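> final01.txt is reproduced in full below (compact mmCIF, C-alpha atoms and all ligand atoms).
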```txt
# COMPACT_ATOMS: atom_id res chain seq x y z
CA MET C 1 91.17 82.19 198.61
CA GLY C 2 89.88 81.96 202.13
CA LYS C 3 91.98 78.94 203.01
CA THR C 4 94.36 80.86 205.25
CA THR C 5 94.25 80.06 208.93
CA THR C 6 96.17 81.60 211.80
CA SER C 7 97.93 78.29 212.37
CA GLU C 8 99.84 78.29 209.05
CA LYS C 9 103.56 78.09 209.78
CA LEU C 10 105.51 80.79 207.96
CA ALA C 11 108.16 79.72 205.44
CA ILE C 12 110.61 81.97 207.26
CA HIS C 13 110.04 79.73 210.32
CA GLY C 14 110.48 76.50 208.36
CA GLY C 15 106.89 76.12 207.11
CA THR C 16 105.84 75.36 203.52
CA PRO C 17 106.08 78.45 201.28
CA VAL C 18 102.92 79.59 199.50
CA ARG C 19 104.72 78.99 196.20
CA THR C 20 108.04 77.76 194.90
CA VAL C 21 107.71 78.87 191.27
CA PRO C 22 108.68 82.56 190.88
CA LEU C 23 105.92 84.93 189.78
CA PRO C 24 106.17 86.44 186.28
CA SER C 25 108.15 89.69 186.53
CA GLY C 26 110.04 92.27 184.49
CA GLY C 27 109.15 94.98 182.01
CA HIS C 28 105.61 94.81 180.67
CA GLY C 29 106.05 96.04 177.11
CA VAL C 30 109.39 94.25 176.79
CA ALA C 31 107.77 90.90 177.51
CA GLU C 32 105.18 91.50 174.77
CA ILE C 33 107.70 92.23 171.99
CA GLY C 34 106.68 90.02 169.08
CA PRO C 35 106.06 89.89 165.33
CA GLU C 36 104.53 93.40 165.18
CA GLU C 37 107.65 95.03 166.59
CA GLU C 38 109.90 92.85 164.42
CA GLN C 39 107.89 93.80 161.32
CA ALA C 40 108.02 97.47 162.30
CA VAL C 41 111.80 97.45 162.51
CA LEU C 42 112.20 95.45 159.28
CA ARG C 43 109.75 97.74 157.45
CA VAL C 44 111.70 100.84 158.44
CA LEU C 45 115.03 99.26 157.54
CA ARG C 46 113.90 97.73 154.23
CA GLU C 47 112.33 100.97 153.13
CA LYS C 48 115.42 102.82 154.35
CA ARG C 49 113.20 105.25 156.29
CA VAL C 50 115.34 105.63 159.42
CA PHE C 51 114.75 109.38 159.72
CA ARG C 52 111.51 110.44 161.37
CA TYR C 53 110.73 113.31 159.01
CA SER C 54 109.63 111.28 156.01
CA GLU C 55 106.41 110.82 154.03
CA GLN C 56 105.25 107.61 155.72
CA SER C 57 106.52 108.54 159.16
CA GLU C 58 105.33 106.06 161.78
CA THR C 59 106.60 108.48 164.42
CA ALA C 60 104.02 110.97 163.14
CA GLN C 61 101.35 108.28 163.53
CA LEU C 62 102.57 107.67 167.09
CA GLU C 63 102.22 111.39 167.78
CA GLN C 64 98.67 111.46 166.41
CA ALA C 65 97.80 108.42 168.49
CA TYR C 66 99.10 109.96 171.72
CA ALA C 67 97.48 113.32 171.12
CA GLN C 68 94.12 111.63 170.59
CA PHE C 69 94.65 109.17 173.44
CA THR C 70 95.42 111.87 176.01
CA GLY C 71 92.92 114.38 174.64
CA GLN C 72 95.66 116.92 173.93
CA LYS C 73 95.96 118.65 170.58
CA TYR C 74 99.65 118.07 169.90
CA ALA C 75 102.27 115.44 170.63
CA LEU C 76 106.01 115.45 170.01
CA ALA C 77 107.98 112.21 170.15
CA VAL C 78 111.54 112.52 171.46
CA ASN C 79 114.45 110.26 172.39
CA SER C 80 113.67 109.85 176.13
CA GLY C 81 111.29 110.65 178.93
CA THR C 82 113.81 113.12 180.31
CA SER C 83 113.88 114.89 176.94
CA ALA C 84 110.08 114.98 176.96
CA LEU C 85 110.15 116.74 180.35
CA ILE C 86 112.83 119.19 179.20
CA CYS C 87 110.85 120.04 176.04
CA GLY C 88 107.67 120.41 178.07
CA LEU C 89 109.37 122.80 180.49
CA ALA C 90 110.98 124.74 177.64
CA GLY C 91 107.57 124.85 175.98
CA LEU C 92 106.12 126.40 179.12
CA ASN C 93 108.80 129.09 178.99
CA ILE C 94 110.37 127.91 182.22
CA GLY C 95 114.03 128.73 182.79
CA PRO C 96 116.53 130.53 185.01
CA GLY C 97 114.99 132.24 188.03
CA ASP C 98 111.92 129.96 188.05
CA GLU C 99 110.94 127.28 190.54
CA VAL C 100 109.12 124.02 189.77
CA ILE C 101 107.52 122.03 192.60
CA LEU C 102 107.88 118.25 192.37
CA PRO C 103 107.60 115.35 194.82
CA GLY C 104 110.48 113.94 196.88
CA TYR C 105 109.53 110.53 195.55
CA THR C 106 110.16 110.39 191.79
CA TYR C 107 112.96 109.29 189.52
CA ILE C 108 115.83 111.80 189.68
CA ALA C 109 115.23 112.60 185.97
CA SER C 110 112.19 114.70 186.95
CA ALA C 111 114.46 117.01 188.94
CA ALA C 112 117.28 116.77 186.39
CA ALA C 113 114.94 118.02 183.65
CA VAL C 114 114.08 121.10 185.71
CA ILE C 115 117.79 121.78 186.23
CA ALA C 116 118.50 121.19 182.53
CA VAL C 117 116.29 124.16 181.59
CA GLY C 118 118.05 126.25 184.24
CA ALA C 119 115.18 126.25 186.76
CA VAL C 120 115.21 125.28 190.42
CA PRO C 121 113.47 122.09 191.64
CA VAL C 122 111.51 122.58 194.86
CA ILE C 123 110.92 119.31 196.67
CA ALA C 124 107.49 118.66 198.20
CA GLU C 125 106.21 115.87 200.45
CA ILE C 126 104.20 112.89 199.32
CA ASP C 127 101.17 111.71 201.30
CA ASN C 128 99.54 108.30 201.80
CA SER C 129 98.89 108.11 198.06
CA LEU C 130 102.70 107.99 197.65
CA THR C 131 102.28 110.88 195.21
CA ILE C 132 102.73 114.63 195.73
CA ASP C 133 100.89 116.06 198.76
CA PRO C 134 98.68 118.99 197.63
CA ALA C 135 98.85 120.59 201.10
CA ASP C 136 102.64 120.68 200.93
CA VAL C 137 102.58 122.00 197.34
CA ARG C 138 100.61 124.97 198.68
CA ARG C 139 103.21 125.55 201.41
CA LYS C 140 106.07 125.43 198.89
CA ILE C 141 104.70 128.12 196.56
CA THR C 142 106.84 131.30 196.35
CA PRO C 143 106.81 134.33 194.04
CA TYR C 144 109.20 132.33 191.81
CA THR C 145 107.00 129.27 191.36
CA LYS C 146 106.04 128.71 187.72
CA ALA C 147 104.82 125.14 187.59
CA ILE C 148 103.86 122.02 189.52
CA MET C 149 105.10 118.66 188.31
CA PRO C 150 102.84 115.92 189.67
CA VAL C 151 104.42 112.51 189.08
CA HIS C 152 102.04 109.56 188.74
CA MET C 153 104.46 107.18 190.45
CA ARG C 154 104.13 103.41 190.14
CA GLY C 155 100.92 103.77 188.15
CA THR C 156 99.15 105.87 190.78
CA PRO C 157 97.13 108.86 189.55
CA CYS C 158 97.98 111.92 191.68
CA ARG C 159 95.30 113.92 193.56
CA MET C 160 94.67 115.95 190.43
CA ASP C 161 91.48 117.75 191.55
CA GLN C 162 93.35 119.44 194.37
CA ILE C 163 96.50 120.03 192.33
CA LEU C 164 94.55 121.59 189.46
CA ALA C 165 92.69 123.83 191.92
CA ILE C 166 95.97 125.09 193.40
CA ALA C 167 97.38 125.67 189.91
CA ARG C 168 94.31 127.73 188.96
CA GLU C 169 94.43 129.72 192.18
CA TYR C 170 98.11 130.66 191.79
CA LYS C 171 98.19 130.69 187.96
CA LEU C 172 100.77 127.93 187.78
CA ALA C 173 101.29 125.50 184.92
CA ILE C 174 100.96 121.74 185.38
CA ILE C 175 103.43 119.38 183.75
CA GLU C 176 102.47 115.76 184.42
CA ASP C 177 105.27 113.22 184.60
CA THR C 178 103.41 110.13 183.38
CA ALA C 179 106.52 108.01 182.74
CA GLN C 180 105.32 105.33 185.18
CA ALA C 181 101.59 105.47 184.51
CA ASP C 182 101.07 105.29 180.75
CA GLY C 183 97.36 104.76 180.09
CA GLY C 184 96.29 105.56 183.65
CA ARG C 185 93.24 107.77 184.15
CA TYR C 186 91.90 110.21 186.72
CA HIS C 187 88.12 110.60 186.98
CA GLY C 188 87.80 109.31 183.44
CA ARG C 189 90.44 111.53 181.90
CA ARG C 190 93.67 110.07 180.63
CA LEU C 191 96.75 111.04 182.66
CA ALA C 192 99.00 113.56 180.83
CA GLY C 193 95.80 115.11 179.49
CA LEU C 194 94.85 117.02 182.64
CA GLY C 195 97.61 119.63 182.76
CA GLU C 196 99.08 122.01 180.19
CA VAL C 197 101.77 119.42 179.41
CA GLY C 198 102.10 115.66 179.88
CA CYS C 199 105.22 113.52 179.44
CA PHE C 200 105.84 109.82 178.84
CA SER C 201 108.91 107.59 178.64
CA PHE C 202 109.37 104.53 176.41
CA GLN C 203 112.45 103.34 178.29
CA ALA C 204 112.67 99.57 178.74
CA SER C 205 111.18 99.39 182.25
CA LYS C 206 108.01 101.35 181.39
CA THR C 207 104.57 99.94 180.58
CA ILE C 208 105.29 100.09 176.83
CA THR C 209 108.73 100.59 175.37
CA ALA C 210 110.89 101.29 172.37
CA GLY C 211 114.08 100.56 174.33
CA GLU C 212 114.46 104.32 174.72
CA GLY C 213 112.13 107.15 173.76
CA GLY C 214 109.54 109.53 175.08
CA ILE C 215 106.66 111.76 174.07
CA VAL C 216 105.31 115.10 175.27
CA VAL C 217 101.69 116.19 174.76
CA MET C 218 100.06 119.61 175.00
CA SER C 219 97.16 121.61 173.55
CA ASP C 220 98.57 125.12 173.42
CA ARG C 221 100.10 125.94 170.04
CA GLN C 222 102.84 128.14 171.52
CA ILE C 223 103.92 125.48 173.99
CA TYR C 224 104.06 122.99 171.12
CA GLU C 225 106.11 125.28 168.89
CA ARG C 226 108.61 126.03 171.64
CA ALA C 227 108.91 122.30 172.38
CA LEU C 228 109.47 121.57 168.67
CA SER C 229 112.28 124.09 168.56
CA ALA C 230 113.74 122.97 171.89
CA HIS C 231 113.93 119.34 170.74
CA ASP C 232 115.95 120.05 167.59
CA SER C 233 118.53 122.79 167.10
CA ALA C 234 117.56 123.05 163.43
CA PHE C 235 113.87 122.30 163.56
CA GLY C 236 112.89 124.91 161.00
CA PHE C 237 115.05 123.23 158.35
CA TRP C 238 113.14 119.93 158.48
CA LYS C 239 109.69 121.43 158.44
CA PRO C 240 109.94 124.67 156.49
CA GLY C 241 106.12 124.74 156.29
CA GLU C 242 105.83 125.21 160.06
CA THR C 243 106.00 128.79 161.24
CA VAL C 244 107.97 128.21 164.40
CA GLU C 245 110.00 130.99 165.94
CA PRO C 246 113.40 129.32 166.39
CA ILE C 247 114.85 129.08 169.88
CA PRO C 248 118.10 127.21 170.65
CA GLY C 249 117.42 123.50 170.74
CA GLU C 250 118.89 120.17 171.73
CA GLY C 251 119.49 116.90 169.87
CA PHE C 252 116.37 115.12 171.12
CA ARG C 253 114.96 113.80 167.82
CA ILE C 254 113.66 110.25 168.04
CA SER C 255 114.82 107.65 165.51
CA GLU C 256 112.11 106.37 163.14
CA VAL C 257 113.10 102.86 164.22
CA SER C 258 112.15 103.73 167.81
CA GLY C 259 109.03 105.57 166.66
CA ALA C 260 107.86 102.51 164.72
CA ILE C 261 108.51 100.18 167.68
CA ALA C 262 106.66 102.55 170.04
CA LEU C 263 103.70 102.63 167.64
CA ALA C 264 103.55 98.82 167.59
CA GLN C 265 103.75 98.79 171.39
CA PHE C 266 101.00 101.40 171.67
CA GLY C 267 98.75 98.82 170.02
CA ARG C 268 99.37 96.58 173.03
CA LEU C 269 98.83 99.18 175.75
CA ASP C 270 95.12 98.59 176.27
CA SER C 271 95.51 94.86 176.68
CA ILE C 272 98.50 95.23 179.05
CA LEU C 273 96.56 97.74 181.15
CA ARG C 274 93.46 95.56 181.31
CA ARG C 275 95.47 92.56 182.47
CA LEU C 276 97.45 94.59 185.02
CA HIS C 277 94.31 96.18 186.46
CA ALA C 278 92.46 92.86 186.66
CA ALA C 279 95.42 91.25 188.44
CA LYS C 280 95.89 94.05 190.95
CA TYR C 281 92.21 94.34 191.73
CA ARG C 282 91.86 90.62 192.24
CA ILE C 283 94.45 90.97 195.04
CA ILE C 284 93.31 94.27 196.61
CA PRO C 285 89.85 93.21 197.89
CA GLN C 286 91.42 90.18 199.56
CA ILE C 287 93.80 92.31 201.67
CA ARG C 288 91.89 95.60 201.95
CA ASP C 289 90.58 95.01 205.47
CA LEU C 290 93.51 93.00 206.75
CA ALA C 291 94.43 94.12 210.29
CA GLY C 292 98.10 95.09 210.55
CA ILE C 293 98.46 96.85 207.21
CA GLU C 294 97.02 99.93 205.53
CA LEU C 295 96.76 100.07 201.74
CA GLN C 296 98.27 102.93 199.77
CA ASP C 297 95.42 105.39 199.12
CA VAL C 298 95.02 105.31 195.33
CA PRO C 299 93.14 108.53 194.38
CA ASP C 300 91.33 106.77 191.50
CA GLU C 301 91.35 102.98 191.62
CA GLU C 302 89.48 102.72 188.30
CA GLY C 303 92.23 104.69 186.60
CA ASP C 304 95.10 102.97 188.40
CA ALA C 305 97.75 101.91 185.88
CA SER C 306 98.31 99.07 188.33
CA VAL C 307 102.00 98.23 188.04
CA CYS C 308 102.27 97.21 191.70
CA VAL C 309 100.54 96.68 195.02
CA MET C 310 101.82 98.89 197.83
CA PHE C 311 100.78 98.93 201.47
CA PHE C 312 102.03 100.31 204.77
CA ALA C 313 103.16 98.46 207.87
CA PRO C 314 102.80 100.29 211.21
CA THR C 315 106.59 100.81 211.45
CA ALA C 316 109.64 100.57 209.19
CA GLU C 317 110.92 97.67 211.26
CA LYS C 318 107.65 95.82 210.77
CA ALA C 319 107.74 96.58 207.04
CA ARG C 320 111.13 94.87 206.76
CA ALA C 321 109.88 91.89 208.77
CA TYR C 322 106.76 91.57 206.57
CA ALA C 323 108.82 91.91 203.37
CA ASP C 324 111.36 89.27 204.43
CA ALA C 325 108.61 86.85 205.39
CA ILE C 326 106.59 87.47 202.20
CA LYS C 327 109.74 86.89 200.13
CA ALA C 328 110.28 83.62 201.97
CA GLU C 329 106.75 82.62 200.88
CA GLY C 330 107.97 82.84 197.28
CA ILE C 331 106.53 86.27 196.44
CA ALA C 332 109.08 88.84 195.19
CA CYS C 333 108.63 91.88 197.37
CA GLY C 334 110.58 94.71 198.98
CA THR C 335 110.50 97.79 201.15
CA MET C 336 110.88 101.22 199.57
CA TYR C 337 113.29 103.28 201.64
CA ASN C 338 116.42 102.13 203.30
CA LYS C 339 119.31 104.49 204.11
CA GLU C 340 121.78 101.85 202.90
CA ILE C 341 120.28 101.62 199.39
CA PRO C 342 120.94 104.69 197.18
CA ASP C 343 117.61 104.49 195.33
CA ARG C 344 117.56 107.37 192.82
CA HIS C 345 113.77 107.60 193.17
CA ILE C 346 114.00 109.12 196.66
CA TYR C 347 115.25 112.69 197.15
CA PRO C 348 117.97 112.08 199.82
CA ASN C 349 119.83 110.25 197.04
CA TRP C 350 119.61 113.15 194.57
CA GLU C 351 123.17 114.14 195.36
CA TYR C 352 123.69 117.00 192.89
CA VAL C 353 120.29 118.52 193.71
CA LEU C 354 120.90 118.54 197.46
CA ALA C 355 124.40 119.96 196.86
CA LYS C 356 122.96 122.62 194.44
CA ARG C 357 125.64 121.56 191.99
CA GLY C 358 125.36 122.87 188.43
CA ARG C 359 127.46 121.61 185.54
CA THR C 360 129.97 124.37 186.26
CA PRO C 361 129.93 126.86 189.13
CA LYS C 362 128.29 129.52 186.94
CA TRP C 363 126.14 127.11 184.92
CA SER C 364 123.84 126.55 187.83
CA PRO C 365 120.15 127.28 188.38
CA TRP C 366 121.00 128.28 191.96
CA HIS C 367 123.58 130.89 190.92
CA PRO C 368 122.65 134.19 192.63
CA SER C 369 122.97 136.07 189.34
CA VAL C 370 119.80 134.37 188.10
CA TYR C 371 118.03 132.92 191.13
CA LYS C 372 116.56 135.23 193.74
CA GLY C 373 114.71 132.65 195.82
CA ASN C 374 116.15 130.72 198.76
CA VAL C 375 115.21 127.07 198.38
CA GLN C 376 116.84 124.85 201.02
CA TYR C 377 117.56 121.16 200.73
CA SER C 378 118.55 118.55 203.29
CA LYS C 379 118.29 114.79 203.56
CA ASP C 380 115.58 115.06 206.22
CA MET C 381 113.60 117.95 204.71
CA CYS C 382 110.59 115.75 203.87
CA PRO C 383 110.02 113.57 206.95
CA ASN C 384 106.57 112.42 205.84
CA THR C 385 107.99 111.19 202.54
CA LEU C 386 110.68 109.15 204.26
CA GLY C 387 108.18 108.00 206.87
CA TYR C 388 105.68 106.70 204.31
CA LEU C 389 108.33 105.11 202.08
CA GLY C 390 110.04 103.52 205.08
CA ARG C 391 106.80 101.75 206.01
CA THR C 392 105.90 100.75 202.43
CA ILE C 393 105.93 97.19 201.14
CA HIS C 394 105.97 96.87 197.35
CA ILE C 395 104.89 93.87 195.29
CA GLY C 396 105.25 94.16 191.51
CA ILE C 397 102.26 93.23 189.33
CA ASN C 398 102.77 91.61 185.96
CA GLN C 399 100.28 91.33 183.10
CA ARG C 400 101.05 87.60 182.88
CA PHE C 401 99.80 86.90 186.43
CA THR C 402 97.13 84.19 186.40
CA GLU C 403 94.23 84.30 188.86
CA ALA C 404 96.05 81.64 190.87
CA ASP C 405 99.19 83.85 190.93
CA CYS C 406 97.10 86.74 192.27
CA ASP C 407 95.56 84.53 194.92
CA ASP C 408 99.04 83.35 195.95
CA VAL C 409 100.08 86.99 196.47
CA ALA C 410 97.03 87.69 198.62
CA HIS C 411 97.47 84.40 200.48
CA ALA C 412 101.14 85.15 201.30
CA VAL C 413 100.34 88.68 202.52
CA ILE C 414 97.47 87.45 204.70
CA LYS C 415 99.48 84.54 206.07
CA VAL C 416 102.45 86.75 206.98
CA VAL C 417 100.56 89.72 208.36
CA ARG C 418 98.29 87.53 210.51
CA ALA C 419 101.33 85.77 211.96
CA LEU C 420 103.55 88.78 212.53
CA ASN C 421 101.06 91.56 213.31
C1 LIG J 501 111.73 106.73 183.64
C2 LIG J 501 111.31 108.01 184.24
C3 LIG J 501 111.70 109.25 183.71
C4 LIG J 501 112.72 109.40 182.64
O1 LIG J 501 112.54 108.68 181.51
P1 LIG J 501 113.82 108.28 180.60
O2 LIG J 501 113.17 107.74 179.37
O3 LIG J 501 114.59 107.26 181.36
O4 LIG J 501 114.59 109.51 180.35
C5 LIG J 501 111.16 110.40 184.27
N1 LIG J 501 110.32 110.33 185.32
C6 LIG J 501 109.94 109.17 185.87
C7 LIG J 501 108.97 109.18 187.01
C8 LIG J 501 110.43 107.96 185.37
O5 LIG J 501 110.06 106.82 185.94
```
Could you spell out this file's structure in structure tokens?


Amino acid sequence: MGKTTTSEKLAIHGGTPVRTVPLPSGGHGVAEIGPEEEQAVLRVLREKRVFRYSEQSETAQLEQAYAQFTGQKYALAVNSGTSALICGLAGLNIGPGDEVILPGYTYIASAAAVIAVGAVPVIAEIDNSLTIDPADVRRKITPYTKAIMPVHMRGTPCRMDQILAIAREYKLAIIEDTAQADGGRYHGRRLAGLGEVGCFSFQASKTITAGEGGIVVMSDRQIYERALSAHDSAFGFWKPGETVEPIPGEGFRISEVSGAIALAQFGRLDSILRRLHAAKYRIIPQIRDLAGIELQDVPDEEGDASVCVMFFAPTAEKARAYADAIKAEGIACGTMYNKEIPDRHIYPNWEYVLAKRGRTPKWSPWHPSVYKGNVQYSKDMCPNTLGYLGRTIHIGINQRFTEADCDDVAHAVIKVVRALN
């Protein structure tokens, strides 16, 4: 720390790189897989308990843990994050004719889930938090709007105070997509616990994982019952004790093997989060006032799930120059939006959404027989979103970063920005 001078020659210009050993990287939960997960799988196999509806169900324990953790009354584990979103939307009674507002920067699955229930995704801008812009949400509300889907992207808690206020004002439901921010908080409350519904993914790249899997949390009994039915076409047969009005369902049941792995991983979440947060917030103060960049505005730094550091360069061209030079210093890093890279996290690459393409011409949320609104899509419909993402530099954080690793990241950023600004 503090050893950077303006005279340091950049690696990209033939100078000595800040480091030559790559930083730890990759999935967080994946890297922590150990004896607990192995035991969980062996236990389930040896006891031949591969179905989740059994006496000693570990999936049921996972559900209890997530309900308590998020402060919601109920949780339903499913086979993916996408399934969690679909069940949450079905639980909220959202379907054909309805609109759901979501950000133009999220994994395409958020929009796909809305389409899967027959509803229309309405794409809103992000702001300098790189999460949904409350002012644009307000502009996108129509008589058909039923819900807002804030997505806590890259660990960042959305501006929930403003989003909740809009939802109250217009009587809209909130379904939080927390797939990328498991364990994050907003003003002390756990993400996924602020809205009517919250959804998580246990896919391999998420903070904790079961390979595949997901979970949806909610407090309203009716939402829960509809989600139960939606996740399993025969739900009533497995749990005859539950008085659930059957609605047509999918095949979204989670395997007990996955449930048991996810439960073991849940035991690691706190420690992963603590290490991620400590690493990120060792770097942030070192670069916060650096001239030539502006940090992403994280609406609650305390609650940041801290999977990356993101900051803005003054222009997209400068962002690419910074990123190339930081990479040359031995720090893995990239820009966020590039027309040549079809990143499925950015709306211009959501091909079937922009084309309003259903599975068949009549099986389409945009079919005039069901949809009376007039949502319009185009590749340049959210200029702020593309503007922010074009200027963003992203550096992944890993829970195995040492303090020296963190200081190398800060050092490389300072060295490059001072030289190229
Ligand atoms: C991963 C992800 C999903 C989907 O989760 P799957 O388990 O892959 O279905 C949804 N939304 C976001 C923001 C994600 O990152």

> If the limit is 8 Å from any atom of ligand LIG 501 (chain J), counting all atoms listed in the file, which residues qualify? Return them as a ChimeraX atom specification.

/C:79-85,106-110,151-153,177-180,200-203,205-206,212-214,345

> Env of Met149 in chain C: 8 Å cut, atoms = only C-alpha atoms, seq-sep filter 3 positions within chain, self excluded. Answer as a VMD selection string.

chain C and resid 100 to 103 174 to 177

> Write the selection just made, keeping C-alpha atoms, as a PDB file, in the coordinates of the input?


```pdb
ATOM      1  CA  VAL C 100     109.120 124.020 189.770  1.00  0.00           C
ATOM      2  CA  ILE C 101     107.520 122.030 192.600  1.00  0.00           C
ATOM      3  CA  LEU C 102     107.880 118.250 192.370  1.00  0.00           C
ATOM      4  CA  PRO C 103     107.600 115.350 194.820  1.00  0.00           C
ATOM      5  CA  ILE C 174     100.960 121.740 185.380  1.00  0.00           C
ATOM      6  CA  ILE C 175     103.430 119.380 183.750  1.00  0.00           C
ATOM      7  CA  GLU C 176     102.470 115.760 184.420  1.00  0.00           C
ATOM      8  CA  ASP C 177     105.270 113.220 184.600  1.00  0.00           C
TER       9      ASP C 177
END
```

> What separation in Å, quoted to one decimal, exists between CA of Ile215 in chain C and CA of Arg49 in chain C?

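Distance reported for this atom pair: 20.0 Å.
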
> Quick one: which range 327-348 of chain C residues come within 12 Å of range 352-365 of chain C, and what is the nearest atom pair for each with the distance in Å to one decimal, counting all atoms listed in the file, rows ordered by chain and ascending number, as a tab-separated table?


```
residue	atom	partner	partner_atom	distance
C:Arg344	CA	C:Tyr352	CA	11.4
C:Ile346	CA	C:Val353	CA	11.7
C:Tyr347	CA	C:Leu354	CA	8.1
C:Pro348	CA	C:Leu354	CA	7.5
```

> Using all atoms listed in the file, list the residues that have an atom at most 7 Å from (98.5, 102.3, 187.1), coordinates as in the file, as a count of residues only.

10

> With only C-alpha atoms as the basis for distance, which of C:Glu250, C:Glu301, C:Asp343, C:Glu225 is at the shortest distance from Gly91 in chain C?

C:Glu225

> Can you tell me which residues surround Lys73 in chain C at a distance of at most 12 Å, considering all atoms listed in the file, apart from same-chain residues fewer than 4 positions away, and format the answer as a compact mmCIF listing (two decimals) with C-alpha atoms, in the coordinates of the input?


```txt
# COMPACT_ATOMS: atom_id res chain seq x y z
CA GLU C 63 102.22 111.39 167.78
CA GLN C 64 98.67 111.46 166.41
CA ALA C 65 97.80 108.42 168.49
CA TYR C 66 99.10 109.96 171.72
CA ALA C 67 97.48 113.32 171.12
CA GLN C 68 94.12 111.63 170.59
CA PHE C 69 94.65 109.17 173.44
CA ALA C 192 99.00 113.56 180.83
CA GLY C 193 95.80 115.11 179.49
CA GLU C 196 99.08 122.01 180.19
CA VAL C 197 101.77 119.42 179.41
CA GLY C 198 102.10 115.66 179.88
CA VAL C 216 105.31 115.10 175.27
CA VAL C 217 101.69 116.19 174.76
CA MET C 218 100.06 119.61 175.00
CA SER C 219 97.16 121.61 173.55
CA ASP C 220 98.57 125.12 173.42
CA ARG C 221 100.10 125.94 170.04
CA GLN C 222 102.84 128.14 171.52
CA ILE C 223 103.92 125.48 173.99
CA TYR C 224 104.06 122.99 171.12
```

> Nearest to Gly236 in chain C: which of C:Ile12, C:Ile272, C:Gly249, C:Pro24 is it, counting only C-alpha atoms?

C:Gly249
